[in-house]
Each structure stands twice: as structure tokens, then as C-alpha cells.
Amino acid sequence: MASEQISIRVAQETDVPTLRLLIDASVRGLQANDYSPAQIDVALQKVFGVDSQLIADGTYLKAETSAGEIVGCGGWSKRKTLYGGDVWVAREDSLLDPKKDAAKIRAFFVHPNWARRGIGTLILDACEKAGMNAGFTRFEMGATLTGVPLYRARGYTELEPLEVPLGDGLALPIVRMEKRLA
């Protein structure tokens, strides 16, 4: 695995079942130090997951080994929704204006067996490049506590802590972060 070549490709609808398994493994394997088991279980039911709008827009990417194994995913969006997959009910899918709005960096997950090998950075770089090509000069996200160190290292600044309501008295702390390019 150490010398495995990773390619970044646009995710397709046919990838969704594999992406769902990857997201579950990533959240359970990598976020356990930042969130309780109850927060993880409910977030997987109500927040985290595949966002089919990103796939339809062609802005959701997958990291794939030369053997075809999907080991990471993440995307960018020209829509207002800051976080949450298809299961998240508080979606805002209206389009952003690149002249005044920030593109959204969304739904990054890496398989625990492939963590800390630069896969998140590869996907993030591809997302930022695509967003810039679409005219965006700012990016923002709702980063999980687990993801904050990566995004900070890649030039994002913390704007404010947020809490995603999960119900039954549970909330998922995240951090709204931003990067300005120009």
C-alpha cells in the first residue's frame, strides 16, 4: 500500500454503495477520539453520508488505487449547503455567486487504513482547483473536529464553532472554516 498510486476521479452514481461503506468506516475509525459513540451513530443516520447533488453536479471526487479500490472521497459545491449528505434535512441547494460567495468544501472522508497518506490533501487540492476554474476565490466548510488540523495546515482559518443538532439532546460540534485565494 505504501507505494500505491492514487488517482482522483469524479464520483459516479454507481460508486454510491461503496462510498456509503467508506464513509461509515471513516467516521467510526477516525472520529472516535473527537466524538462519542452516540454522536457518531446519530450523525451517520442524520448528517454524514453521500450527497447525490454533488455527484449530479460532477463536483464529488473519489480517490482510487490502481486496483480500483476507493480509499477516500470529498467534494466542493457551488450550492449553499454547508454540510450534510442526502439524509440531512436542512439543505439549501440554491446556487452560489462566485463573485460574492464562497464555494463549499464538503463531505471529506478517508478510509482509516489509508489515513495520513496525503489522500485528503490530494482531494482538497483538486476541489480548490476546480472551484477556482469555476470562478470562486473563497472556500468555506463545516469541518469536523477531526478534520480541522488538515484544513488548518492547508491554509484555512477558523471562523466560528458550530453545533449540528442531532436530536435527543445530542449535538455534533464542527468548525466553520474559510480560505481566501485572492
# chains A, B, ... in the order shown; residues from 1 in each chain; ligands from 1
call {"tool": "residues_around", "arguments": {"residues": "Asn113 (chain A)", "least_positions_apart": "2", "cutoff": "12 Å", "atoms": "only C-alpha atoms", "output": "ChimeraX atom specification"}}
result
/A:1-2,22,25-26,29-30,69-72,109-111,115-117,119
call {"tool": "residues_around", "arguments": {"residues": "Cys127 (chain A)", "least_positions_apart": "2", "cutoff": "9 Å", "atoms": "only C-alpha atoms", "output": "PyMOL selection string"}}
result
chain A and resi 59-61+74-77+105+122-125+129-132
call {"tool": "residues_around", "arguments": {"residues": "region 140-146 of chain A", "least_positions_apart": "5", "cutoff": "10 Å", "atoms": "only C-alpha atoms", "output": "PyMOL selection string"}}
result
chain A and resi 27+30-35+76-77+81-84+101-108+151+156-164+172-180
call {"tool": "residues_around", "arguments": {"residues": "Pro165 (chain A)", "least_positions_apart": "5", "cutoff": "10 Å", "atoms": "only C-alpha atoms", "output": "ChimeraX atom specification"}}
result
/A:43,46-47,170-173
call {"tool": "select_by_dssp", "arguments": {"residues": "region 3-146 of chain A", "states": "alpha helix (DSSP H)", "output": "PyMOL selection string"}}
result
chain A and resi 16-30+37-46+52-57+119-133
call {"tool": "closest_residue", "arguments": {"among": "A:Ser66, A:Thr18, A:Gln39, A:Asn133", "to": "Asp168 (chain A)", "atoms": "only C-alpha atoms"}}
result
A:Gln39
call {"tool": "residues_around", "arguments": {"residues": "Asp24 (chain A)", "least_positions_apart": "4", "cutoff": "9 Å", "atoms": "only C-alpha atoms", "output": "PDB file with N, CA and C atoms, in the first residue's frame"}}
result
ATOM      1  N   LEU A  19     -19.152   4.173  -1.558  1.00  0.00           N
ATOM      2  CA  LEU A  19     -18.922   5.406  -0.807  1.00  0.00           C
ATOM      3  C   LEU A  19     -19.608   5.364   0.550  1.00  0.00           C
ATOM      4  N   ARG A  20     -20.801   4.794   0.605  1.00  0.00           N
ATOM      5  CA  ARG A  20     -21.504   4.675   1.898  1.00  0.00           C
ATOM      6  C   ARG A  20     -20.692   3.843   2.889  1.00  0.00           C
ATOM      7  N   ARG A  28     -16.391   6.037  11.842  1.00  0.00           N
ATOM      8  CA  ARG A  28     -16.198   5.172  13.019  1.00  0.00           C
ATOM      9  C   ARG A  28     -14.718   4.995  13.363  1.00  0.00           C
ATOM     10  N   GLY A  29     -13.865   4.944  12.346  1.00  0.00           N
ATOM     11  CA  GLY A  29     -12.454   4.689  12.588  1.00  0.00           C
ATOM     12  C   GLY A  29     -11.621   5.906  12.917  1.00  0.00           C
ATOM     13  N   LEU A  44     -24.194   9.556  11.605  1.00  0.00           N
ATOM     14  CA  LEU A  44     -24.221   8.700  10.414  1.00  0.00           C
ATOM     15  C   LEU A  44     -25.644   8.507   9.898  1.00  0.00           C
ATOM     16  N   PHE A  48     -23.994  12.765   8.174  1.00  0.00           N
ATOM     17  CA  PHE A  48     -22.957  12.272   7.263  1.00  0.00           C
ATOM     18  C   PHE A  48     -23.557  11.342   6.220  1.00  0.00           C
ATOM     19  N   GLY A  49     -22.921  11.327   5.076  1.00  0.00           N
ATOM     20  CA  GLY A  49     -23.359  10.415   4.036  1.00  0.00           C
ATOM     21  C   GLY A  49     -23.070  10.989   2.663  1.00  0.00           C
ATOM     22  N   HIS A 111     -10.635   6.337   4.167  1.00  0.00           N
ATOM     23  CA  HIS A 111     -10.682   5.056   4.863  1.00  0.00           C
ATOM     24  C   HIS A 111      -9.575   5.030   5.912  1.00  0.00           C
TER      25      HIS A 111
END
call {"tool": "closest_residue", "arguments": {"among": "A:Ala63, A:Cys73, A:Leu166, A:Ala134", "to": "Lys99 (chain A)", "atoms": "only C-alpha atoms"}}
result
A:Ala134
call {"tool": "atom_distance", "arguments": {"atom1": "CA of Val50 (chain A)", "atom2": "CA of Val16 (chain A)"}}
result
6.9 Å
call {"tool": "closest_residue", "arguments": {"among": "A:Thr137, A:Ser7, A:Thr121, A:Gln12", "to": "Glu64 (chain A)", "atoms": "only C-alpha atoms"}}
result
A:Ser7
